[in-house]
Amino acid sequence: EKMSIKLTRRQFAAGSVALLSCGSFNRAWGKTANTKLPIPPLLDGTAAEPIDLQIRAGQWSFMPGIKTPTLGFSQDYLGPTIRTRQNSELNLNYENTLDEGVAIHGHGLHVPGAVDGGPQLEIAPGGRWQPTLPIVQPAATCWYHSHTHGRTSHQVYHGLAGMIIIDDDLSRATDLPSRYGVDDLPVIVQDRTFDERGRLVYSLSDAGEDGWYGETVVVNGAMSPVAHVPAGKVRLRLLNGANARFYIVAFADNRSFHKIAGDGGFLEAPVQMTSMEMAPGERCEIIVDLEDGAPAELLTLFEDEFEGEGPVGDLLKLLSRNRRPAPSLILRVDTSLPANTAPLPEKLAAIARPLQSEIVRTRDFVLDMDDGGSGTHDSTGSHAMMDMTINGAAMDMNVINERVKRGVWERWRIRSNQGEHPFHVHGCSFLIEKIAGEAPPPDQQGWKDTVVLDDDGWSEIVVQFNHLATDQYPYMYHCHILEHEDRGMMGQFTVS
Ligand code: C2O
Ligand code: CU
Ligand code: CU
């Protein structure tokens, strides 16, 4: 019944434990400060009036008393949560007040290429963009973020990201916790590095070959914040909004939780787990039960710092108290809030899988970040010029890499030649048939838009596109390590 995950896909001696870290800042601030979890304002995405999203510079306090220059949507850091509904239209009105171009993509949305917000749709400084997004897909937790050519990593790091929640008849009919900010919490996990004055440290050209790793975890822009929640079931909408970190999500007391949804919406049934891995770009909705009134400490451990394999709980037990990682989010029970104690539904969404005979074509994608010894590192030894490619080609705005037919099922086989990469596809949700040659675990069997690849075999997805994406406004597929994306690990495709 209880599931464990492999802590890392790299091979290390079983059971050995290295430093577990969520960053030194968390450790210091988590003890002294009791920051409340910031809850982005909730906006109604079904209204006829467009939602104004002003892309602007701001000053945000990640640490009490220290102002950090940031970017945000109509706020200092991140953006409002937009809640919309299947079979409605989402009207947005972006205004770019920055002095650089910005493209904003709706990640996870099944919308036509013309409103998908890829790099072709850059909003010039001082410009506006008013897309109407037809929301046809089922309930899911999605997000919007910068997708500016060559600048995505920088702009997301400074704050250009926000959450989109889609409801449908099923999500509204269940007894699942759904009071936003009360028992249904947006949890945007990122890592950031600060200098001694509290400014964000970031440089694409200084990022290592795995991308930019921040030292400190922030959740909705706060370090080790506290959320006061009812004594019952609480739903966390986790979004890995980091540039490059893979997190291992668990609770400090190793309690179990239920995953109810992945990137593209509900699983067929809740899956009980004690830990899970989240790659950049992925979303997971989980239900944690606080009926016992005890606080719950959410950990988001750095997968790259783990050495060893086995259940996270076993590793945590081996650590002395002062080496325990700081929690990324503390849930404290407030018994004055009305609790959701309804049992979890046994069944969630039905997932209509295609028959093998309906899959009409196969495409292969090989991700590579090998410099091939061709001396493409610059003289400083930076990885900025390293070749990051898919099928041997780096992203070129003037090249359409694939042409796909609308409304038919395809199998995409994807593999990495070097390193671990979250491969993301625009304009769709897909089903994973294989991860590294093996059947996906139950919690990965729902709709996804990001699949993690390693160099140990083909991963396979089945996918169908139902909207158009033209030569002018194609869709993208890419690695969601944003430094890899900006360095070229991305391709363009049309749907016609
Ligand atoms: Cu979340 Cu193409 O990106
Ligand atoms: Cu996307
Ligand atoms: Cu990558």
# chains A, B, ... in the order shown; residues from 1 in each chain; ligands from 1
call {"tool": "residues_near_ligand", "arguments": {"ligand": "ligand 3", "cutoff": "10 Å", "atoms": "only C-alpha atoms and all ligand atoms", "output": "PDB file with C-alpha atoms, in the first residue's frame"}}
result
ATOM      1  CA  GLU A 209      25.206  22.178 -17.126  1.00  0.00           C
ATOM      2  CA  ASP A 210      22.263  21.051 -14.942  1.00  0.00           C
ATOM      3  CA  GLY A 211      20.837  24.572 -14.936  1.00  0.00           C
ATOM      4  CA  ALA A 244      16.097  23.580 -12.717  1.00  0.00           C
ATOM      5  CA  PRO A 280      10.414  21.659 -13.120  1.00  0.00           C
ATOM      6  CA  LEU A 367      17.754  15.336 -26.213  1.00  0.00           C
ATOM      7  CA  ASP A 368      21.420  16.064 -26.001  1.00  0.00           C
ATOM      8  CA  MET A 369      23.663  18.456 -24.169  1.00  0.00           C
ATOM      9  CA  MET A 388      21.662  21.902 -26.124  1.00  0.00           C
ATOM     10  CA  THR A 389      19.752  20.151 -28.832  1.00  0.00           C
ATOM     11  CA  ILE A 390      16.787  17.992 -29.726  1.00  0.00           C
ATOM     12  CA  SER A 416      18.183  11.714 -23.381  1.00  0.00           C
ATOM     13  CA  GLN A 418      23.070  12.848 -21.301  1.00  0.00           C
ATOM     14  CA  GLY A 419      21.451  14.014 -18.091  1.00  0.00           C
ATOM     15  CA  GLU A 420      17.935  14.197 -16.735  1.00  0.00           C
ATOM     16  CA  HIS A 421      15.403  16.387 -18.520  1.00  0.00           C
ATOM     17  CA  PRO A 422      11.702  17.184 -18.017  1.00  0.00           C
ATOM     18  CA  PHE A 423      10.330  17.118 -21.579  1.00  0.00           C
ATOM     19  CA  VAL A 452      11.082  13.101 -17.033  1.00  0.00           C
ATOM     20  CA  LEU A 453      13.766  11.494 -19.186  1.00  0.00           C
ATOM     21  CA  ASP A 454      17.080  10.062 -18.301  1.00  0.00           C
ATOM     22  CA  HIS A 478      11.279  21.536 -24.920  1.00  0.00           C
ATOM     23  CA  CYS A 479      13.193  20.689 -21.810  1.00  0.00           C
ATOM     24  CA  HIS A 480      11.633  22.522 -18.846  1.00  0.00           C
ATOM     25  CA  ILE A 481      14.979  23.133 -17.200  1.00  0.00           C
ATOM     26  CA  LEU A 482      14.762  26.762 -18.203  1.00  0.00           C
ATOM     27  CA  GLU A 483      18.500  27.168 -18.765  1.00  0.00           C
ATOM     28  CA  HIS A 484      18.383  24.212 -21.164  1.00  0.00           C
ATOM     29  CA  GLU A 485      15.392  25.736 -22.914  1.00  0.00           C
ATOM     30  CA  ARG A 487      20.259  27.397 -24.542  1.00  0.00           C
ATOM     31  CA  GLY A 488      18.345  25.729 -27.340  1.00  0.00           C
ATOM     32  CA  MET A 489      16.844  22.444 -26.092  1.00  0.00           C
ATOM     33  CA  MET A 490      13.531  23.254 -27.775  1.00  0.00           C
TER      34      MET A 490
END
call {"tool": "residues_near_ligand", "arguments": {"ligand": "ligand 2", "cutoff": "9 Å", "atoms": "only C-alpha atoms and all ligand atoms", "output": "PyMOL selection string"}}
result
chain A and resi 105-109+116-118+143-145+147+281+424-428+449-450+475-478+480
call {"tool": "write_last_selection", "arguments": {"atoms": "N, CA and C atoms", "output": "PDB file, in the first residue's frame"}}
result
ATOM      1  N   HIS A 105       3.224  32.351 -21.734  1.00  0.00           N
ATOM      2  CA  HIS A 105       2.650  31.079 -22.188  1.00  0.00           C
ATOM      3  C   HIS A 105       1.705  30.527 -21.120  1.00  0.00           C
ATOM      4  N   GLY A 106       0.615  29.909 -21.561  1.00  0.00           N
ATOM      5  CA  GLY A 106      -0.277  29.203 -20.644  1.00  0.00           C
ATOM      6  C   GLY A 106       0.108  27.736 -20.618  1.00  0.00           C
ATOM      7  N   HIS A 107       0.873  27.345 -19.621  1.00  0.00           N
ATOM      8  CA  HIS A 107       1.445  25.989 -19.550  1.00  0.00           C
ATOM      9  C   HIS A 107       0.379  24.996 -19.109  1.00  0.00           C
ATOM     10  N   GLY A 108       0.137  24.002 -19.968  1.00  0.00           N
ATOM     11  CA  GLY A 108      -0.864  22.989 -19.647  1.00  0.00           C
ATOM     12  C   GLY A 108      -2.195  23.255 -20.315  1.00  0.00           C
ATOM     13  N   LEU A 109      -2.338  24.433 -20.924  1.00  0.00           N
ATOM     14  CA  LEU A 109      -3.619  24.775 -21.549  1.00  0.00           C
ATOM     15  C   LEU A 109      -3.699  24.179 -22.955  1.00  0.00           C
ATOM     16  N   ASP A 116      -1.280  30.621 -27.513  1.00  0.00           N
ATOM     17  CA  ASP A 116      -0.521  29.767 -26.599  1.00  0.00           C
ATOM     18  C   ASP A 116       0.586  30.544 -25.871  1.00  0.00           C
ATOM     19  N   GLY A 117       1.033  31.619 -26.492  1.00  0.00           N
ATOM     20  CA  GLY A 117       2.016  32.470 -25.809  1.00  0.00           C
ATOM     21  C   GLY A 117       3.443  31.988 -25.903  1.00  0.00           C
ATOM     22  N   GLY A 118       3.782  31.320 -26.981  1.00  0.00           N
ATOM     23  CA  GLY A 118       5.169  30.926 -27.211  1.00  0.00           C
ATOM     24  C   GLY A 118       6.020  32.143 -27.569  1.00  0.00           C
ATOM     25  N   TRP A 143      -0.483  26.692 -15.269  1.00  0.00           N
ATOM     26  CA  TRP A 143       0.183  27.928 -14.864  1.00  0.00           C
ATOM     27  C   TRP A 143       0.534  28.786 -16.046  1.00  0.00           C
ATOM     28  N   TYR A 144       0.853  30.020 -15.796  1.00  0.00           N
ATOM     29  CA  TYR A 144       1.298  30.910 -16.858  1.00  0.00           C
ATOM     30  C   TYR A 144       2.661  31.447 -16.462  1.00  0.00           C
ATOM     31  N   HIS A 145       3.523  31.597 -17.468  1.00  0.00           N
ATOM     32  CA  HIS A 145       4.868  32.062 -17.140  1.00  0.00           C
ATOM     33  C   HIS A 145       5.548  32.636 -18.375  1.00  0.00           C
ATOM     34  N   HIS A 147       7.843  33.114 -21.466  1.00  0.00           N
ATOM     35  CA  HIS A 147       8.383  32.181 -22.450  1.00  0.00           C
ATOM     36  C   HIS A 147       9.162  32.973 -23.499  1.00  0.00           C
ATOM     37  N   GLY A 281       8.233  22.402 -13.836  1.00  0.00           N
ATOM     38  CA  GLY A 281       7.058  22.481 -14.695  1.00  0.00           C
ATOM     39  C   GLY A 281       5.907  21.603 -14.256  1.00  0.00           C
ATOM     40  N   HIS A 424       8.627  18.754 -22.037  1.00  0.00           N
ATOM     41  CA  HIS A 424       7.286  19.342 -21.974  1.00  0.00           C
ATOM     42  C   HIS A 424       6.769  19.614 -23.379  1.00  0.00           C
ATOM     43  N   VAL A 425       5.473  19.402 -23.586  1.00  0.00           N
ATOM     44  CA  VAL A 425       4.854  19.643 -24.885  1.00  0.00           C
ATOM     45  C   VAL A 425       3.701  20.630 -24.710  1.00  0.00           C
ATOM     46  N   HIS A 426       3.638  21.611 -25.582  1.00  0.00           N
ATOM     47  CA  HIS A 426       2.561  22.606 -25.531  1.00  0.00           C
ATOM     48  C   HIS A 426       1.260  22.081 -26.146  1.00  0.00           C
ATOM     49  N   GLY A 427       0.158  22.690 -25.764  1.00  0.00           N
ATOM     50  CA  GLY A 427      -1.102  22.514 -26.469  1.00  0.00           C
ATOM     51  C   GLY A 427      -1.833  21.212 -26.220  1.00  0.00           C
ATOM     52  N   CYS A 428      -1.418  20.441 -25.233  1.00  0.00           N
ATOM     53  CA  CYS A 428      -1.996  19.106 -25.071  1.00  0.00           C
ATOM     54  C   CYS A 428      -1.830  18.611 -23.645  1.00  0.00           C
ATOM     55  N   ASP A 449       1.717  16.790 -19.004  1.00  0.00           N
ATOM     56  CA  ASP A 449       2.290  17.550 -20.115  1.00  0.00           C
ATOM     57  C   ASP A 449       3.802  17.636 -20.007  1.00  0.00           C
ATOM     58  N   THR A 450       4.355  16.941 -19.026  1.00  0.00           N
ATOM     59  CA  THR A 450       5.797  16.933 -18.810  1.00  0.00           C
ATOM     60  C   THR A 450       6.181  15.516 -18.396  1.00  0.00           C
ATOM     61  N   TYR A 475       3.462  25.496 -31.916  1.00  0.00           N
ATOM     62  CA  TYR A 475       3.664  25.046 -30.539  1.00  0.00           C
ATOM     63  C   TYR A 475       5.146  24.719 -30.333  1.00  0.00           C
ATOM     64  N   MET A 476       5.508  24.550 -29.066  1.00  0.00           N
ATOM     65  CA  MET A 476       6.870  24.203 -28.713  1.00  0.00           C
ATOM     66  C   MET A 476       6.887  22.864 -27.972  1.00  0.00           C
ATOM     67  N   TYR A 477       7.970  22.144 -28.127  1.00  0.00           N
ATOM     68  CA  TYR A 477       8.307  21.073 -27.183  1.00  0.00           C
ATOM     69  C   TYR A 477       9.708  21.395 -26.695  1.00  0.00           C
ATOM     70  N   HIS A 478       9.962  21.132 -25.435  1.00  0.00           N
ATOM     71  CA  HIS A 478      11.279  21.536 -24.920  1.00  0.00           C
ATOM     72  C   HIS A 478      11.553  20.926 -23.559  1.00  0.00           C
ATOM     73  N   HIS A 480      12.112  21.470 -19.752  1.00  0.00           N
ATOM     74  CA  HIS A 480      11.633  22.522 -18.846  1.00  0.00           C
ATOM     75  C   HIS A 480      12.665  22.940 -17.794  1.00  0.00           C
TER      76      HIS A 480
END
call {"tool": "atom_distance", "arguments": {"atom1": "CA of Ser429 in chain A", "atom2": "CA of Pro134 in chain A"}}
result
15.4 Å
call {"tool": "residues_around", "arguments": {"residues": "Leu71 in chain A", "least_positions_apart": "6", "cutoff": "8 Å", "atoms": "only C-alpha atoms", "output": "list in words"}}
result
Ile55, Arg56, Ala57, Gly58, Gln59, Tyr77, Leu78, Gln155, His158, Gly159 and Leu160 of chain A
call {"tool": "write_last_selection", "arguments": {"atoms": "N, CA and C atoms", "output": "PDB file, in the first residue's frame"}}
result
ATOM      1  N   ILE A  55       2.551  43.399 -16.524  1.00  0.00           N
ATOM      2  CA  ILE A  55       3.887  42.819 -16.332  1.00  0.00           C
ATOM      3  C   ILE A  55       4.781  43.954 -15.856  1.00  0.00           C
ATOM      4  N   ARG A  56       5.227  43.844 -14.603  1.00  0.00           N
ATOM      5  CA  ARG A  56       5.933  45.009 -14.064  1.00  0.00           C
ATOM      6  C   ARG A  56       7.046  44.622 -13.104  1.00  0.00           C
ATOM      7  N   ALA A  57       7.916  45.580 -12.855  1.00  0.00           N
ATOM      8  CA  ALA A  57       8.957  45.413 -11.845  1.00  0.00           C
ATOM      9  C   ALA A  57       8.359  45.679 -10.479  1.00  0.00           C
ATOM     10  N   GLY A  58       8.936  45.084  -9.441  1.00  0.00           N
ATOM     11  CA  GLY A  58       8.425  45.279  -8.095  1.00  0.00           C
ATOM     12  C   GLY A  58       9.516  45.135  -7.055  1.00  0.00           C
ATOM     13  N   GLN A  59       9.098  45.219  -5.809  1.00  0.00           N
ATOM     14  CA  GLN A  59       9.972  45.045  -4.647  1.00  0.00           C
ATOM     15  C   GLN A  59       9.252  44.081  -3.721  1.00  0.00           C
ATOM     16  N   TYR A  77       5.655  40.144  -6.992  1.00  0.00           N
ATOM     17  CA  TYR A  77       6.308  38.869  -7.325  1.00  0.00           C
ATOM     18  C   TYR A  77       5.220  37.868  -7.657  1.00  0.00           C
ATOM     19  N   LEU A  78       5.439  37.034  -8.653  1.00  0.00           N
ATOM     20  CA  LEU A  78       4.435  36.089  -9.155  1.00  0.00           C
ATOM     21  C   LEU A  78       3.190  36.852  -9.638  1.00  0.00           C
ATOM     22  N   GLN A 155      13.509  35.704 -16.600  1.00  0.00           N
ATOM     23  CA  GLN A 155      12.232  36.350 -16.240  1.00  0.00           C
ATOM     24  C   GLN A 155      11.411  35.502 -15.267  1.00  0.00           C
ATOM     25  N   HIS A 158      12.893  35.811 -11.747  1.00  0.00           N
ATOM     26  CA  HIS A 158      12.579  37.065 -11.049  1.00  0.00           C
ATOM     27  C   HIS A 158      11.109  37.202 -10.701  1.00  0.00           C
ATOM     28  N   GLY A 159      10.256  36.294 -11.204  1.00  0.00           N
ATOM     29  CA  GLY A 159       8.886  36.301 -10.706  1.00  0.00           C
ATOM     30  C   GLY A 159       7.760  36.157 -11.716  1.00  0.00           C
ATOM     31  N   LEU A 160       8.068  36.041 -13.006  1.00  0.00           N
ATOM     32  CA  LEU A 160       6.971  36.024 -13.986  1.00  0.00           C
ATOM     33  C   LEU A 160       6.336  34.640 -14.113  1.00  0.00           C
TER      34      LEU A 160
END
call {"tool": "residues_around", "arguments": {"residues": "Asp191 in chain A", "least_positions_apart": "2", "cutoff": "9 Å", "atoms": "only C-alpha atoms", "output": "JSON, numbers by chain"}}
result
{"A": [22, 23, 157, 189, 193, 213, 214, 215, 216, 217, 218, 219, 241, 242, 243, 244, 245]}
call {"tool": "write_last_selection", "arguments": {"atoms": "N, CA and C atoms", "output": "PDB file, in the first residue's frame"}}
result
ATOM      1  N   CYS A  22      17.638  22.115   2.292  1.00  0.00           N
ATOM      2  CA  CYS A  22      16.685  22.980   1.606  1.00  0.00           C
ATOM      3  C   CYS A  22      17.257  24.370   1.574  1.00  0.00           C
ATOM      4  N   GLY A  23      18.519  24.529   1.853  1.00  0.00           N
ATOM      5  CA  GLY A  23      19.133  25.842   1.783  1.00  0.00           C
ATOM      6  C   GLY A  23      19.355  26.444   3.149  1.00  0.00           C
ATOM      7  N   TYR A 157      12.703  33.389 -13.100  1.00  0.00           N
ATOM      8  CA  TYR A 157      13.458  33.448 -11.841  1.00  0.00           C
ATOM      9  C   TYR A 157      13.084  34.699 -11.049  1.00  0.00           C
ATOM     10  N   VAL A 189       6.550  26.166  -5.623  1.00  0.00           N
ATOM     11  CA  VAL A 189       7.856  25.885  -5.016  1.00  0.00           C
ATOM     12  C   VAL A 189       8.961  26.317  -5.981  1.00  0.00           C
ATOM     13  N   THR A 193      18.654  32.193  -5.002  1.00  0.00           N
ATOM     14  CA  THR A 193      19.882  32.576  -4.299  1.00  0.00           C
ATOM     15  C   THR A 193      19.873  34.084  -4.089  1.00  0.00           C
ATOM     16  N   TYR A 213      20.755  26.282  -9.941  1.00  0.00           N
ATOM     17  CA  TYR A 213      20.217  25.821  -8.671  1.00  0.00           C
ATOM     18  C   TYR A 213      20.252  26.962  -7.657  1.00  0.00           C
ATOM     19  N   GLY A 214      19.097  27.370  -7.142  1.00  0.00           N
ATOM     20  CA  GLY A 214      19.063  28.348  -6.060  1.00  0.00           C
ATOM     21  C   GLY A 214      19.395  27.674  -4.743  1.00  0.00           C
ATOM     22  N   GLU A 215      19.824  28.458  -3.763  1.00  0.00           N
ATOM     23  CA  GLU A 215      20.236  27.885  -2.473  1.00  0.00           C
ATOM     24  C   GLU A 215      19.052  27.688  -1.535  1.00  0.00           C
ATOM     25  N   THR A 216      18.020  28.486  -1.718  1.00  0.00           N
ATOM     26  CA  THR A 216      16.960  28.582  -0.721  1.00  0.00           C
ATOM     27  C   THR A 216      15.607  28.324  -1.356  1.00  0.00           C
ATOM     28  N   VAL A 217      14.813  27.505  -0.703  1.00  0.00           N
ATOM     29  CA  VAL A 217      13.468  27.248  -1.222  1.00  0.00           C
ATOM     30  C   VAL A 217      12.525  28.376  -0.794  1.00  0.00           C
ATOM     31  N   VAL A 218      11.744  28.856  -1.727  1.00  0.00           N
ATOM     32  CA  VAL A 218      10.655  29.772  -1.389  1.00  0.00           C
ATOM     33  C   VAL A 218       9.346  29.154  -1.871  1.00  0.00           C
ATOM     34  N   VAL A 219       8.303  29.331  -1.065  1.00  0.00           N
ATOM     35  CA  VAL A 219       6.969  28.859  -1.438  1.00  0.00           C
ATOM     36  C   VAL A 219       6.077  30.089  -1.557  1.00  0.00           C
ATOM     37  N   GLY A 241       7.871  25.345  -9.712  1.00  0.00           N
ATOM     38  CA  GLY A 241       8.130  26.529 -10.532  1.00  0.00           C
ATOM     39  C   GLY A 241       9.603  26.899 -10.546  1.00  0.00           C
ATOM     40  N   ALA A 242      10.448  25.939 -10.167  1.00  0.00           N
ATOM     41  CA  ALA A 242      11.892  26.189 -10.156  1.00  0.00           C
ATOM     42  C   ALA A 242      12.430  26.220 -11.579  1.00  0.00           C
ATOM     43  N   ASN A 243      13.573  26.867 -11.753  1.00  0.00           N
ATOM     44  CA  ASN A 243      14.219  26.854 -13.060  1.00  0.00           C
ATOM     45  C   ASN A 243      14.768  25.473 -13.391  1.00  0.00           C
ATOM     46  N   ALA A 244      15.352  24.808 -12.396  1.00  0.00           N
ATOM     47  CA  ALA A 244      16.097  23.580 -12.717  1.00  0.00           C
ATOM     48  C   ALA A 244      16.009  22.482 -11.660  1.00  0.00           C
ATOM     49  N   ARG A 245      15.584  22.816 -10.432  1.00  0.00           N
ATOM     50  CA  ARG A 245      15.621  21.810  -9.376  1.00  0.00           C
ATOM     51  C   ARG A 245      14.531  20.760  -9.540  1.00  0.00           C
TER      52      ARG A 245
END
